[in-house]
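K.L.:
Please find input-v3.txt (compact mmCIF, C-alpha atoms) on the next line:
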```txt
# COMPACT_ATOMS: atom_id res chain seq x y z
CA MET A 1 71.48 106.62 95.69
CA ALA A 2 73.55 104.18 93.64
CA GLN A 3 77.13 105.21 92.94
CA PHE A 4 77.40 102.81 90.00
CA PRO A 5 74.08 103.13 88.13
CA GLU A 6 75.76 102.20 84.86
CA ILE A 7 76.98 98.86 86.28
CA THR A 8 74.46 96.08 86.67
CA ARG A 9 75.06 92.87 88.58
CA ILE A 10 78.05 91.03 87.13
CA GLU A 11 76.78 87.87 85.46
CA TYR A 12 78.36 84.72 84.04
CA GLU A 13 78.50 84.90 80.23
CA GLY A 14 80.94 82.09 79.48
CA PRO A 15 84.47 81.83 78.05
CA LYS A 16 83.55 83.43 74.71
CA SER A 17 82.28 86.65 76.28
CA LYS A 18 84.09 89.87 75.38
CA ASN A 19 82.26 91.86 78.04
CA PRO A 20 84.88 93.17 80.51
CA LEU A 21 82.23 93.40 83.22
CA ALA A 22 81.03 89.81 82.97
CA PHE A 23 82.38 86.55 84.31
CA ARG A 24 83.94 84.27 81.74
CA TRP A 25 84.77 81.42 84.14
CA TYR A 26 83.03 82.11 87.44
CA ASN A 27 79.56 80.62 87.37
CA PRO A 28 78.34 80.79 91.00
CA ASP A 29 75.93 77.90 90.56
CA GLY A 30 78.19 75.81 88.32
CA LEU A 31 79.17 72.49 89.88
CA VAL A 32 82.78 71.36 90.27
CA GLU A 33 83.46 68.08 92.06
CA GLY A 34 79.82 68.07 93.15
CA LYS A 35 79.88 71.49 94.82
CA SER A 36 78.93 74.92 93.48
CA MET A 37 81.69 77.34 92.58
CA LYS A 38 80.15 79.80 95.03
CA ASP A 39 80.60 77.31 97.85
CA HIS A 40 84.10 76.32 96.76
CA MET A 41 85.33 79.91 96.65
CA ARG A 42 83.35 81.81 99.28
CA PHE A 43 84.63 85.02 97.69
CA SER A 44 85.15 87.95 100.03
CA VAL A 45 85.79 91.63 99.28
CA VAL A 46 87.97 93.51 101.77
CA TYR A 47 86.97 96.84 103.23
CA TRP A 48 90.48 98.23 103.73
CA HIS A 49 91.74 98.28 100.16
CA THR A 50 88.41 98.51 98.36
CA MET A 51 86.74 101.15 100.51
CA ARG A 52 89.68 102.85 102.21
CA GLY A 53 92.53 102.53 99.74
CA THR A 54 93.53 105.84 98.19
CA GLY A 55 96.42 104.82 95.97
CA GLY A 56 98.92 106.67 98.13
CA ASP A 57 102.49 105.46 98.36
CA PRO A 58 105.69 106.63 100.11
CA PHE A 59 106.37 109.01 97.23
CA GLY A 60 103.01 110.70 96.85
CA PRO A 61 99.46 111.12 98.11
CA GLY A 62 96.45 109.16 96.97
CA THR A 63 95.13 109.32 93.43
CA ALA A 64 91.87 107.37 93.74
CA VAL A 65 88.70 109.18 92.67
CA ARG A 66 85.97 108.20 95.12
CA PRO A 67 83.04 110.63 94.72
CA TRP A 68 81.18 109.22 97.72
CA ASP A 69 84.08 109.81 100.14
CA ASP A 70 84.75 113.36 101.38
CA GLY A 71 88.01 112.31 103.00
CA SER A 72 86.82 113.14 106.50
CA ASN A 73 86.94 110.93 109.57
CA SER A 74 83.26 111.54 110.31
CA LEU A 75 80.53 109.05 111.08
CA ASP A 76 78.48 110.42 108.19
CA ASN A 77 81.28 109.63 105.76
CA ALA A 78 81.70 106.15 107.27
CA LEU A 79 77.97 105.51 106.83
CA ARG A 80 78.16 106.56 103.17
CA ARG A 81 80.97 104.07 102.67
CA VAL A 82 78.73 101.29 103.99
CA GLU A 83 76.10 102.10 101.34
CA VAL A 84 78.66 102.02 98.54
CA ALA A 85 80.43 98.94 99.89
CA PHE A 86 77.28 96.84 99.78
CA GLU A 87 76.47 98.10 96.30
CA ILE A 88 79.90 96.82 95.21
CA PHE A 89 79.53 93.51 97.09
CA THR A 90 76.12 92.74 95.63
CA LYS A 91 76.96 93.76 92.07
CA LEU A 92 80.03 91.50 92.21
CA GLN A 93 77.91 88.66 93.61
CA ALA A 94 80.42 88.40 96.44
CA PRO A 95 78.83 86.47 99.30
CA PHE A 96 81.25 87.78 101.95
CA TYR A 97 83.28 90.79 103.03
CA ALA A 98 85.96 91.37 105.68
CA PHE A 99 87.09 94.37 107.72
CA HIS A 100 89.37 95.79 110.37
CA ASP A 101 87.49 97.75 113.03
CA ARG A 102 89.19 101.00 112.02
CA ASP A 103 88.34 100.46 108.33
CA VAL A 104 84.63 100.72 108.95
CA ALA A 105 84.43 103.11 111.91
CA PRO A 106 86.48 106.22 112.75
CA GLU A 107 88.80 106.03 115.72
CA GLY A 108 87.77 108.41 118.49
CA ASN A 109 89.74 110.39 121.04
CA SER A 110 89.38 107.58 123.57
CA LEU A 111 88.70 103.87 123.58
CA ALA A 112 85.14 104.58 124.76
CA GLU A 113 84.51 106.96 121.85
CA SER A 114 85.97 104.45 119.38
CA HIS A 115 83.66 101.77 120.78
CA LYS A 116 80.67 104.09 120.36
CA ASN A 117 81.59 104.84 116.74
CA PHE A 118 82.07 101.14 116.01
CA ASP A 119 78.66 100.30 117.46
CA ARG A 120 76.99 102.90 115.25
CA ILE A 121 78.60 101.60 112.07
CA ALA A 122 78.05 97.98 113.08
CA LYS A 123 74.32 98.70 113.27
CA SER A 124 74.40 99.93 109.67
CA LEU A 125 76.49 96.96 108.56
CA LYS A 126 73.96 94.59 110.12
CA GLU A 127 71.06 96.34 108.38
CA HIS A 128 72.82 96.06 105.02
CA GLN A 129 73.75 92.42 105.61
CA ASP A 130 70.12 91.62 106.39
CA ALA A 131 68.93 93.49 103.31
CA THR A 132 71.39 91.94 100.85
CA GLY A 133 72.32 88.54 102.26
CA VAL A 134 76.04 89.40 102.16
CA LYS A 135 77.83 87.92 105.17
CA LEU A 136 80.91 88.77 107.19
CA LEU A 137 83.75 86.34 106.52
CA TRP A 138 85.83 87.70 109.35
CA GLY A 139 86.56 90.71 111.47
CA THR A 140 89.83 91.84 112.94
CA ALA A 141 91.19 94.70 115.00
CA ASN A 142 93.71 97.13 113.53
CA LEU A 143 96.53 96.88 116.06
CA PHE A 144 99.21 98.42 113.87
CA SER A 145 98.27 101.81 112.36
CA ASN A 146 97.96 104.06 115.41
CA PRO A 147 101.32 105.36 116.75
CA ARG A 148 100.54 103.77 120.12
CA PHE A 149 101.38 100.43 118.48
CA MET A 150 104.87 101.47 117.33
CA HIS A 151 106.40 98.81 119.63
CA GLY A 152 103.70 96.25 118.92
CA ALA A 153 100.35 95.54 120.52
CA ALA A 154 100.21 92.17 122.28
CA THR A 155 104.03 92.16 122.24
CA SER A 156 104.47 95.78 123.31
CA CYS A 157 106.98 96.68 126.01
CA ASN A 158 104.24 99.01 127.36
CA LEU A 159 101.59 97.32 129.52
CA ASP A 160 99.04 100.08 128.84
CA VAL A 161 99.31 99.43 125.10
CA PHE A 162 98.76 95.71 125.73
CA ALA A 163 95.69 96.58 127.78
CA TYR A 164 94.37 98.97 125.12
CA ALA A 165 94.77 96.26 122.47
CA ALA A 166 92.92 93.82 124.71
CA GLY A 167 89.98 96.21 124.99
CA GLN A 168 89.98 96.79 121.24
CA VAL A 169 89.99 93.06 120.45
CA LYS A 170 87.25 92.41 123.02
CA LYS A 171 85.01 94.93 121.27
CA CYS A 172 85.87 93.66 117.80
CA LEU A 173 85.06 90.11 118.85
CA GLU A 174 81.68 91.27 120.12
CA VAL A 175 80.90 93.09 116.88
CA THR A 176 82.14 90.19 114.75
CA LYS A 177 79.82 87.84 116.62
CA MET A 178 76.89 90.27 116.36
CA LEU A 179 77.40 90.47 112.60
CA GLY A 180 77.61 86.69 112.24
CA GLY A 181 81.29 86.67 111.32
CA GLU A 182 82.50 83.17 110.57
CA ASN A 183 86.11 83.68 111.70
CA TYR A 184 88.26 86.15 113.62
CA VAL A 185 91.72 87.07 112.30
CA PHE A 186 94.93 88.21 113.97
CA TRP A 187 97.50 89.87 111.74
CA GLY A 188 100.54 90.74 113.81
CA GLY A 189 101.96 93.47 111.63
CA ARG A 190 103.92 94.97 114.50
CA GLU A 191 104.21 91.84 116.61
CA GLY A 192 107.91 91.39 116.00
CA TYR A 193 111.11 93.35 116.35
CA GLN A 194 113.44 95.73 114.54
CA ASN A 195 116.48 95.13 116.76
CA LEU A 196 117.25 92.34 119.21
CA TYR A 197 119.47 94.61 121.33
CA ASN A 198 116.34 96.15 122.83
CA THR A 199 114.05 93.11 122.68
CA ASP A 200 113.18 90.39 125.19
CA MET A 201 111.94 87.90 122.59
CA LYS A 202 110.81 85.23 125.05
CA ARG A 203 108.81 87.68 127.10
CA GLU A 204 107.15 89.10 123.98
CA LEU A 205 106.21 85.63 122.74
CA ASP A 206 104.87 84.74 126.18
CA HIS A 207 102.77 87.90 126.18
CA LEU A 208 101.46 87.20 122.67
CA ALA A 209 100.38 83.73 123.76
CA ARG A 210 98.72 85.13 126.88
CA PHE A 211 96.84 87.62 124.71
CA PHE A 212 95.61 84.84 122.43
CA HIS A 213 94.50 82.73 125.39
CA MET A 214 92.51 85.69 126.72
CA ALA A 215 90.84 86.03 123.32
CA VAL A 216 89.99 82.31 123.32
CA ASP A 217 88.54 82.61 126.82
CA TYR A 218 86.41 85.60 125.90
CA ALA A 219 85.16 83.95 122.71
CA LYS A 220 83.87 81.12 124.87
CA GLN A 221 82.17 83.60 127.21
CA ILE A 222 80.22 85.20 124.36
CA ASN A 223 79.67 81.92 122.46
CA PHE A 224 81.66 82.96 119.42
CA SER A 225 82.21 79.62 117.73
CA GLY A 226 84.24 80.54 114.66
CA PRO A 227 87.94 79.68 114.53
CA PHE A 228 90.66 82.21 115.15
CA LEU A 229 92.99 82.71 112.19
CA ILE A 230 96.61 83.85 112.23
CA GLU A 231 97.94 85.39 109.03
CA PRO A 232 101.64 84.60 108.51
CA LYS A 233 104.00 87.26 107.20
CA PRO A 234 107.78 87.37 107.65
CA LYS A 235 108.53 91.10 107.60
CA GLU A 236 107.22 94.54 106.74
CA PRO A 237 106.50 96.61 108.69
CA THR A 238 108.82 95.00 111.24
CA LYS A 239 112.19 93.49 110.39
CA HIS A 240 111.05 90.14 111.77
CA GLN A 241 107.47 89.22 112.57
CA TYR A 242 106.86 86.35 114.96
CA ASP A 243 104.23 84.87 112.61
CA SER A 244 106.77 84.68 109.79
CA ASP A 245 105.39 81.67 107.90
CA ALA A 246 103.06 78.71 108.35
CA ALA A 247 105.70 76.57 110.05
CA ALA A 248 106.63 79.31 112.54
CA CYS A 249 102.96 79.89 113.36
CA LEU A 250 102.36 76.21 113.92
CA ASN A 251 105.40 75.91 116.16
CA PHE A 252 104.14 78.85 118.22
CA LEU A 253 100.61 77.43 118.50
CA ARG A 254 101.90 74.05 119.65
CA ALA A 255 104.39 75.53 122.08
CA TYR A 256 101.71 77.58 123.81
CA ASP A 257 98.86 75.05 123.70
CA LEU A 258 96.77 77.06 121.23
CA LYS A 259 96.56 74.77 118.20
CA GLU A 260 93.02 73.53 118.81
CA HIS A 261 91.70 77.10 118.66
CA PHE A 262 93.59 78.49 115.67
CA LYS A 263 93.98 77.96 111.95
CA LEU A 264 95.90 79.99 109.38
CA ASN A 265 94.88 82.57 106.83
CA ILE A 266 97.48 82.16 104.09
CA GLU A 267 98.33 85.02 101.71
CA THR A 268 100.21 84.66 98.43
CA ASN A 269 102.24 87.84 98.74
CA HIS A 270 103.25 86.94 102.28
CA ALA A 271 104.28 83.46 101.19
CA THR A 272 106.66 84.84 98.58
CA LEU A 273 108.09 87.37 101.04
CA ALA A 274 108.86 84.38 103.28
CA GLY A 275 110.72 82.69 100.42
CA HIS A 276 107.98 80.15 99.76
CA THR A 277 105.37 79.55 97.11
CA MET A 278 101.69 79.84 97.95
CA MET A 279 101.29 76.15 97.11
CA HIS A 280 103.97 75.29 99.68
CA GLU A 281 102.30 77.29 102.45
CA LEU A 282 98.85 75.89 101.64
CA ASP A 283 100.10 72.32 101.51
CA TYR A 284 102.05 72.68 104.75
CA ALA A 285 99.08 74.21 106.57
CA GLY A 286 96.75 71.63 105.04
CA HIS A 287 98.59 68.50 106.07
CA GLN A 288 99.00 69.95 109.56
CA GLY A 289 95.24 70.52 109.80
CA VAL A 290 95.41 74.31 110.13
CA LEU A 291 94.37 75.56 106.68
CA GLY A 292 91.55 77.97 107.41
CA SER A 293 91.30 80.66 104.75
CA ILE A 294 93.31 82.49 102.11
CA ASP A 295 94.02 86.07 101.13
CA ALA A 296 93.90 86.04 97.35
CA ASN A 297 96.48 88.33 95.83
CA THR A 298 99.94 88.23 94.32
CA GLY A 299 103.15 90.19 94.52
CA ASP A 300 105.42 91.46 91.80
CA LEU A 301 108.45 89.17 91.92
CA LEU A 302 110.66 92.03 90.71
CA LEU A 303 109.75 94.01 93.83
CA GLY A 304 110.61 93.05 97.37
CA TRP A 305 107.57 94.28 99.23
CA ASP A 306 103.90 93.55 99.76
CA THR A 307 102.34 94.92 96.57
CA ASP A 308 98.94 93.21 97.09
CA GLN A 309 98.05 92.91 93.41
CA PHE A 310 94.94 91.16 92.15
CA PRO A 311 95.60 87.58 91.00
CA THR A 312 95.36 86.97 87.24
CA ASP A 313 97.84 84.12 86.76
CA TYR A 314 96.09 80.82 86.01
CA TYR A 315 99.15 78.83 87.07
CA LEU A 316 99.02 80.45 90.51
CA THR A 317 95.30 79.95 90.98
CA THR A 318 95.50 76.36 89.73
CA GLN A 319 98.23 75.61 92.28
CA CYS A 320 96.14 77.23 95.02
CA MET A 321 93.06 75.23 94.14
CA LEU A 322 95.00 71.96 93.81
CA ALA A 323 96.17 72.41 97.39
CA ILE A 324 92.80 73.59 98.71
CA LEU A 325 90.90 70.72 97.08
CA LYS A 326 93.53 68.24 98.26
CA HIS A 327 92.93 69.26 101.86
CA GLY A 328 89.15 69.23 101.79
CA GLY A 329 88.35 72.77 100.73
CA LEU A 330 87.65 75.93 102.69
CA THR A 331 85.05 75.46 105.42
CA THR A 332 84.52 78.64 107.42
CA GLY A 333 87.23 80.38 105.39
CA GLY A 334 87.10 81.85 101.92
CA VAL A 335 88.97 83.38 99.00
CA ASN A 336 89.42 86.86 100.38
CA PHE A 337 90.65 89.54 97.97
CA ASP A 338 93.24 91.30 100.10
CA ALA A 339 94.26 93.14 96.95
CA LYS A 340 94.24 96.72 95.74
CA VAL A 341 94.03 98.39 92.38
CA ARG A 342 97.20 100.06 91.18
CA ARG A 343 97.84 103.73 91.93
CA GLU A 344 97.35 104.48 88.25
CA SER A 345 93.97 102.67 88.20
CA PHE A 346 92.20 105.51 89.94
CA GLU A 347 88.66 105.46 88.56
CA PRO A 348 85.86 103.77 90.55
CA VAL A 349 85.09 101.28 87.77
CA ASP A 350 88.60 99.85 88.15
CA LEU A 351 87.42 98.28 91.41
CA PHE A 352 85.02 96.14 89.38
CA HIS A 353 87.53 95.23 86.68
CA ALA A 354 90.00 94.10 89.35
CA HIS A 355 87.57 91.90 91.26
CA VAL A 356 86.00 90.38 88.14
CA GLY A 357 89.46 89.39 86.91
CA GLY A 358 90.46 87.92 90.26
CA MET A 359 87.23 85.95 90.63
CA ASP A 360 87.54 84.62 87.10
CA ALA A 361 91.18 83.66 87.66
CA PHE A 362 90.28 81.58 90.71
CA ALA A 363 87.29 80.03 88.96
CA ARG A 364 89.52 79.04 86.05
CA GLY A 365 92.08 77.65 88.50
CA LEU A 366 89.36 75.64 90.19
CA LYS A 367 88.21 74.07 86.93
CA ILE A 368 91.77 73.25 85.87
CA ALA A 369 92.61 71.76 89.26
CA ALA A 370 89.46 69.65 89.19
CA ALA A 371 90.32 68.37 85.71
CA ILE A 372 93.84 67.41 86.82
CA ARG A 373 92.43 65.62 89.83
CA ALA A 374 89.80 63.81 87.75
CA ASP A 375 92.44 62.44 85.38
CA GLY A 376 94.55 61.32 88.33
CA VAL A 377 97.85 61.57 86.46
CA LEU A 378 99.62 63.62 89.11
CA ASP A 379 98.31 61.49 91.96
CA GLN A 380 99.35 58.32 90.20
CA PHE A 381 102.82 59.68 89.49
CA VAL A 382 103.34 60.62 93.14
CA LYS A 383 101.98 57.27 94.30
CA GLU A 384 104.40 55.39 92.06
CA ARG A 385 107.31 57.60 93.05
CA TYR A 386 106.80 56.64 96.70
CA GLY A 387 105.89 53.05 95.88
CA SER A 388 108.72 51.55 97.93
CA TRP A 389 107.06 52.94 101.05
CA ASP A 390 103.90 50.95 100.28
CA THR A 391 105.77 47.63 100.72
CA ASP A 392 105.57 45.67 103.96
CA LEU A 393 108.92 47.09 105.08
CA GLY A 394 107.89 50.65 104.23
CA ARG A 395 104.70 50.31 106.22
CA ARG A 396 106.61 48.92 109.20
CA VAL A 397 109.06 51.85 109.13
CA GLU A 398 106.21 54.36 109.02
CA ALA A 399 104.48 52.55 111.89
CA GLY A 400 107.59 52.75 114.06
CA GLN A 401 108.16 49.00 113.98
CA GLU A 402 111.73 49.11 112.64
CA SER A 403 114.97 50.44 114.07
CA LEU A 404 118.36 51.68 112.88
CA ALA A 405 119.76 48.22 113.58
CA SER A 406 117.04 46.36 111.68
CA LEU A 407 117.40 48.67 108.69
CA GLU A 408 121.17 48.27 108.78
CA LYS A 409 120.73 44.49 108.62
CA TYR A 410 118.28 44.87 105.75
CA MET A 411 120.79 46.89 103.72
CA LEU A 412 123.74 44.65 104.66
CA ASP A 413 121.80 41.72 103.24
CA LYS A 414 120.67 43.68 100.18
CA GLY A 415 124.03 45.28 99.52
CA GLU A 416 123.04 48.58 97.84
CA ALA A 417 120.06 50.92 97.49
CA ALA A 418 118.39 50.58 94.12
CA PRO A 419 118.38 53.81 92.08
CA ASN A 420 115.11 55.70 92.04
CA ALA A 421 113.15 56.50 88.91
CA SER A 422 113.46 60.01 87.46
CA GLY A 423 111.51 62.81 89.10
CA ARG A 424 110.28 63.83 85.62
CA GLN A 425 109.88 67.51 86.60
CA GLU A 426 109.92 68.76 83.02
CA TYR A 427 107.40 66.14 81.94
CA LEU A 428 105.06 67.12 84.78
CA GLU A 429 105.38 70.84 84.02
CA ASN A 430 104.55 70.08 80.38
CA LEU A 431 101.64 67.98 81.57
CA ILE A 432 100.15 70.87 83.54
CA ASN A 433 100.46 73.06 80.43
CA GLN A 434 98.11 70.68 78.63
CA TYR A 435 95.30 71.68 81.01
CA LEU A 436 95.86 75.40 80.57
```
Before we go any further, please render this structure as structure tokens.

P.N.:
Amino acid sequence: MAQFPEITRIEYEGPKSKNPLAFRWYNPDGLVEGKSMKDHMRFSVVYWHTMRGTGGDPFGPGTAVRPWDDGSNSLDNALRRVEVAFEIFTKLQAPFYAFHDRDVAPEGNSLAESHKNFDRIAKSLKEHQDATGVKLLWGTANLFSNPRFMHGAATSCNLDVFAYAAGQVKKCLEVTKMLGGENYVFWGGREGYQNLYNTDMKRELDHLARFFHMAVDYAKQINFSGPFLIEPKPKEPTKHQYDSDAAACLNFLRAYDLKEHFKLNIETNHATLAGHTMMHELDYAGHQGVLGSIDANTGDLLLGWDTDQFPTDYYLTTQCMLAILKHGGLTTGGVNFDAKVRRESFEPVDLFHAHVGGMDAFARGLKIAAAIRADGVLDQFVKERYGSWDTDLGRRVEAGQESLASLEKYMLDKGEAAPNASGRQEYLENLINQYL
């Protein structure tokens, strides 16, 4: 039985529409740079916030009204959530969804019981995928909620916890493959430390790398071909997380010979917690060849924690899409709404308002970014700014054909470095405003 009989499939009605449950900018079949918006975005709805979020916070219990959910940890309740989840996915025209294992299936009293529960729910997920055409963007194991992971999972000081996490990831990889998941994500929420007095950092990093290598080996055994994704975040819940930002992740992957198997899943709120912009993290990951997917949300810059709000800022989404288009787009990844409605937005319909707004914001950002790229003004400005590097000497320096001594001679002959042209930051910011 439908939980949202009053809500039909969300359709594109164009920029003049006043319908709050219609797309104003997101036209799935609309072409941008020769590709449909659906294929550019690969929108994904997350199971954890959308189906399991209650609106609770450290100062009070949940407020969300979810008539289909009796609050129990039963299989029957989990199966009801599957029904409602796919009603939401299909009415939003979202082609993908994503989950943690413990989002979809209740944890049992043993690893074997948890596996059994997961298998039962996975069967239902597969049936609903087949019936609706909605696909799994990625799966991941929750290695942070249960108290056993208080010291970490792959970086735990307790070997049994490491082994438990290995068994959990093995099962989640199997289920992700069975469901046709296109990626597998690691989010190391507790893979870090609170205090270095009690931490052997090198040993923990070595263990984390060993864990990842075991996952890579098992993926090969079961012919799971999708990339692994690491999701950078600097802190919260730990004081310092080893995957603190894109650069730290890349350094780790190179140091432990893992780069060919991993890409990054970049999140806006995590970027700002790391002291970066989302555009910075996307561009860094992109030019290093590890941009895999994104978690589409935003944080409140007046608050210093991971608020996971839905994105509505066209400047933000334009910057995201400029970087994504620049680096060839999302292939197996997608625009994954790791975002939750506010505690005060407690009615079920608010889930639709939130996703419609986020999807429209990214569609608008895509169109603006494409228009900027088509005009070529930014690209031309950057090209001219670095024009001295396109001379014969510049090309020789970049090719490693010059030395400190040869460049010293060049400047001794020339006498002084010519002043550069203005960076024109204000002009460029004004220029972007013309497109919005």

K.L.:
Would you work out the distance separating CA of Gly56 in chain A from CA of Ile7 in chain A, expressed in Å to one decimal?

P.N.:
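These two atoms are separated by 26.1 Å.
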
K.L.:
Enter the distance from CA of Lys340 in chain A to CA of Ala85 in chain A, in Å, rounded to one decimal.

P.N.:
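Computed distance, CA of Lys340 in chain A to CA of Ala85 in chain A, equals 14.6 Å.
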
K.L.:
What separation in Å, quoted to one decimal, exists between CA of Thr317 in chain A and CA of Phe362 in chain A?

P.N.:
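These atoms are spaced 5.3 Å apart.
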
K.L.:
Using only C-alpha atoms, find the one residue out of A:Arg364, A:Arg52, A:Arg148, A:Lys91 that sits nearest to Gly14 in chain A.

P.N.:
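Nearest candidate to Gly14 in chain A out of A:Arg364, A:Arg52, A:Arg148, A:Lys91: A:Arg364.
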
K.L.:
What's around His240 in chain A at 8 Å? Count all atoms listed in the file, leave out sequence neighbours fewer than 4 positions away in its own chain, and write the answer as a CSV table (one decimal) with C-alpha atoms, in the coordinates of the input.

P.N.:
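Generated file (result26.csv):
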```
chain,number,residue,atom,x,y,z
A,192,GLY,CA,107.9,91.4,116.0
A,193,TYR,CA,111.1,93.4,116.4
A,194,GLN,CA,113.4,95.7,114.5
A,234,PRO,CA,107.8,87.4,107.6
A,235,LYS,CA,108.5,91.1,107.6
A,236,GLU,CA,107.2,94.5,106.7
A,244,SER,CA,106.8,84.7,109.8
```

K.L.:
Near Asn73 in chain A, within 12 Å and counting all atoms listed in the file, which residues show up once chain neighbours fewer than 2 positions away are dropped, as number ranges by chain?

P.N.:
A: 52, 69-71, 75-81, 102-109, 114, 117

K.L.:
Grab all the atoms of range 27-31 of chain A that the file lists, wrap them in a box along x, y and z, add 6 Å per side, and give me centre plus edge lengths in Å (one decimal) as AutoDock Vina command-line options.

P.N.:
```
--center_x 77.7 --center_y 76.6 --center_z 89.2 --size_x 15.6 --size_y 20.3 --size_z 15.6
```

K.L.:
Can you tell me, as a VMD selection string, what residues are no more than 6 Å from Gly292 in chain A when counting all atoms listed in the file, ignoring any on the same chain fewer than 3 positions away?

P.N.:
chain A and resid 263 to 265 333

K.L.:
Closest to Ala369 in chain A among A:Phe352, A:Trp389, A:Tyr314, A:Phe144, using all atoms listed in the file?

P.N.:
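Once distances to Ala369 in chain A are computed over all atoms listed in the file, the minimum belongs to A:Tyr314.
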
K.L.:
Restricting the calculation to only C-alpha atoms, which member of A:Met279, A:Leu303, A:Leu351, A:Val290 is positioned closest to Thr54 in chain A?

P.N.:
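Closest to Thr54 in chain A, using only C-alpha atoms: A:Leu351.
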
K.L.:
Enumerate, as a VMD selection string, the protein, DNA and RNA residues whose atoms approach (90.3, 104.0, 91.2) to within 9 Å, taking into account all atoms listed in the file and the coordinate frame of the file.

P.N.:
chain A and resid 53 to 55 63 to 66 341 to 351

K.L.:
Nearest to Met37 in chain A: which of A:Ile432, A:Leu366, A:Ala418, A:Leu302 is it, counting all atoms listed in the file?

P.N.:
A:Leu366

K.L.:
List the spatial neighbours of Gln93 in chain A as a list in words - criterion: any atom at most 12 Å away, only C-alpha atoms, same-chain residues fewer than 6 positions off excluded.

P.N.:
Thr8, Arg9, Ile10, Glu11, Tyr12, Ala22, Phe23, Tyr26, Asn27, Pro28, Asp29, Met37, Lys38, Met41, Arg42, Phe43, Ser44, Val45, Phe86, Glu87, Thr132, Gly133, Val134, Lys135, Phe352, His355, Val356 and Met359 of chain A

K.L.:
Go through A:Ala405, A:Val185, A:Val32, A:Ala2 and flag the residue nearest Leu325 in chain A, using all atoms listed in the file for the distances.

P.N.:
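Ranked by minimum distance to Leu325 in chain A, first place goes to A:Val32.
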
K.L.:
Applying 8 Å and all atoms listed in the file, which residues near Ile368 in chain A remain after dropping the ones on its own chain fewer than 5 positions away? List them as a list in words.

P.N.:
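Here the qualifying residues turn out to be Thr318, Tyr435 and Leu436 of chain A.
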
K.L.:
For the contact check between range 200-233 of chain A and range 169-172 of chain A, emit one row per residue of range 200-233 of chain A within 12 Å, containing the shortest atom pair and the distance in Å rounded to one decimal, counting all atoms listed in the file, chain then rising number order, as a Markdown table.

P.N.:
```
| residue | atom | partner | partner_atom | distance |
| --- | --- | --- | --- | --- |
| A:Phe211 | CA | A:Val169 | CA | 9.7 |
| A:Phe212 | CA | A:Val169 | CA | 10.2 |
| A:Met214 | CA | A:Lys170 | CA | 9.3 |
| A:Ala215 | CA | A:Lys170 | CA | 7.3 |
| A:Val216 | CA | A:Lys170 | CA | 10.5 |
| A:Asp217 | CA | A:Lys170 | CA | 10.6 |
| A:Tyr218 | CA | A:Lys170 | CA | 7.4 |
| A:Ala219 | CA | A:Lys170 | CA | 8.7 |
| A:Lys220 | CA | A:Lys170 | CA | 11.9 |
| A:Gln221 | CA | A:Lys170 | CA | 11.0 |
| A:Ile222 | CA | A:Lys170 | CA | 10.2 |
| A:Phe224 | CA | A:Lys170 | CA | 11.6 |
```
